[in-house]
Amino acid sequence: KKQVLDMNGWLAIQWTDTRYAWDPASYGNISTVSLPCHDFVKPDVKLYNSAHDGVVVQGEFNCVVSSNGLVTYIPQVSIHSHCPIQNPTSDEFTCHLKFGSWAHPCKDLSINKDESKLDVSVFKSNWRFEIIDHSSEVISKKYDCCPDIYCSVDMELK
């Protein structure tokens, strides 16, 4: 078996870019705008344990930009992650998803615990699988290769 978790969902990413900040009072009290995301430089958040295509954005989506420079990007994605089956005779499996940046250390990329929740409220179970438990945790780690500490969000689905 290929032991790959394939799922569709929404990936929420926010970052602040002060180049997009403005004073709402100078622009008719407009405090947010929706703009095509293809022109934005987005954080390089990747799925570390990806299988084949990893995370694939399904189509073009807009970014919502707030007057303080906060950019919100929530594209629909297909996620393909390695999910080794520990016990082939069991009816329960645990899959781990690890998201983080390859290039930006924690000092440049802030990952907040409150925003790293896995929302399964709209999960549609199928005839074969259902999510019985899930969790997420922000991890900070120093790698031998690099002087900085890197952050990731580790998610677990059961």
# chains A, B, ... in the order shown; residues from 1 in each chain; ligands from 1

$ select_by_dssp --residues "region 31-158 of chain A" --states "strand (DSSP E)" --output "PyMOL selection string"
chain A and resi 32-36+45-47+50-57+62-66+70-73+76-82+95-101+134-142+149-157

$ select_by_dssp --residues "chain A" --states "helix (DSSP H, G or I)" --output "PyMOL selection string"
chain A and resi 18-20+24-27+37-39+113-115

$ write_last_selection --atoms "C-alpha atoms" --output "short mmCIF file (atom, residue, chain, number, x, y, z; two decimals), in the first residue's frame"
data_model
loop_
_atom_site.label_atom_id
_atom_site.label_comp_id
_atom_site.auth_asym_id
_atom_site.auth_seq_id
_atom_site.Cartn_x
_atom_site.Cartn_y
_atom_site.Cartn_z
CA THR A 18 3.92 47.01 6.33
CA ARG A 19 4.25 47.95 2.65
CA TYR A 20 0.50 47.27 2.41
CA PRO A 24 -8.20 54.24 6.68
CA ALA A 25 -9.15 57.87 7.40
CA SER A 26 -7.28 58.91 4.23
CA TYR A 27 -9.21 56.38 2.11
CA CYS A 37 -2.80 36.77 -4.23
CA HIS A 38 -0.64 35.94 -7.25
CA ASP A 39 1.28 39.23 -6.87
CA LYS A 113 -0.41 28.21 19.04
CA ASP A 114 -3.91 29.73 18.98
CA GLU A 115 -3.77 29.97 15.21
#

$ closest_residue --among "A:Asn62, A:Ser110, A:Ser101, A:Ser81" --to "Thr16 (chain A)" --atoms "only C-alpha atoms"
A:Ser110

$ atom_distance --atom1 "CA of His104 (chain A)" --atom2 "CA of Val71 (chain A)"
17.7 Å

$ closest_atom_pairs --of "region 24-55 of chain A" --to "region 7-11 of chain A" --cutoff "12 Å" --atoms "only C-alpha atoms" --output "CSV"
residue,atom,partner,partner_atom,distance
A:Val45,CA,A:Leu11,CA,10.1
A:Lys46,CA,A:Leu11,CA,10.9
A:Leu47,CA,A:Leu11,CA,11.1
A:Ala51,CA,A:Met7,CA,11.9
A:Gly54,CA,A:Met7,CA,10.7
A:Val55,CA,A:Leu11,CA,9.3

$ closest_atom_pairs --of "region 23-115 of chain A" --to "region 130-142 of chain A" --cutoff "12 Å" --atoms "only C-alpha atoms" --output "JSON lines"
{"residue": "A:Asp91", "atom": "CA", "partner": "A:Glu130", "partner_atom": "CA", "distance": 10.7}
{"residue": "A:Glu92", "atom": "CA", "partner": "A:Ile132", "partner_atom": "CA", "distance": 9.0}
{"residue": "A:Phe93", "atom": "CA", "partner": "A:Ile131", "partner_atom": "CA", "distance": 9.7}
{"residue": "A:Thr94", "atom": "CA", "partner": "A:His134", "partner_atom": "CA", "distance": 9.2}
{"residue": "A:Cys95", "atom": "CA", "partner": "A:His134", "partner_atom": "CA", "distance": 9.5}
{"residue": "A:His96", "atom": "CA", "partner": "A:Ser136", "partner_atom": "CA", "distance": 9.5}
{"residue": "A:Leu97", "atom": "CA", "partner": "A:Ser136", "partner_atom": "CA", "distance": 9.1}
{"residue": "A:Lys98", "atom": "CA", "partner": "A:Ser136", "partner_atom": "CA", "distance": 9.5}
{"residue": "A:Phe99", "atom": "CA", "partner": "A:Val138", "partner_atom": "CA", "distance": 9.6}
{"residue": "A:Gly100", "atom": "CA", "partner": "A:Ile139", "partner_atom": "CA", "distance": 9.5}
{"residue": "A:Ser101", "atom": "CA", "partner": "A:Ser140", "partner_atom": "CA", "distance": 11.7}
{"residue": "A:Pro105", "atom": "CA", "partner": "A:Ser140", "partner_atom": "CA", "distance": 9.3}
{"residue": "A:Cys106", "atom": "CA", "partner": "A:Ser140", "partner_atom": "CA", "distance": 7.5}
{"residue": "A:Lys107", "atom": "CA", "partner": "A:Ser140", "partner_atom": "CA", "distance": 10.8}
{"residue": "A:Leu109", "atom": "CA", "partner": "A:Ser140", "partner_atom": "CA", "distance": 11.4}
{"residue": "A:Ser110", "atom": "CA", "partner": "A:Val138", "partner_atom": "CA", "distance": 10.2}
{"residue": "A:Ile111", "atom": "CA", "partner": "A:Val138", "partner_atom": "CA", "distance": 7.1}
{"residue": "A:Asn112", "atom": "CA", "partner": "A:Val138", "partner_atom": "CA", "distance": 7.4}
{"residue": "A:Lys113", "atom": "CA", "partner": "A:Val138", "partner_atom": "CA", "distance": 6.0}
{"residue": "A:Asp114", "atom": "CA", "partner": "A:Val138", "partner_atom": "CA", "distance": 9.7}
{"residue": "A:Glu115", "atom": "CA", "partner": "A:Val138", "partner_atom": "CA", "distance": 9.9}

$ closest_residue --among "A:His80, A:Lys158, A:Lys42, A:His52" --to "Asp6 (chain A)" --atoms "only C-alpha atoms"
A:His80

$ atom_distance --atom1 "CA of Asn49 (chain A)" --atom2 "CA of Cys151 (chain A)"
14.8 Å

$ closest_residue --among "A:Gly69, A:Pro36, A:Pro88, A:Pro43" --to "Ile13 (chain A)" --atoms "only C-alpha atoms"
A:Pro43

$ atom_distance --atom1 "CA of Asp108 (chain A)" --atom2 "CA of Phe40 (chain A)"
17.3 Å
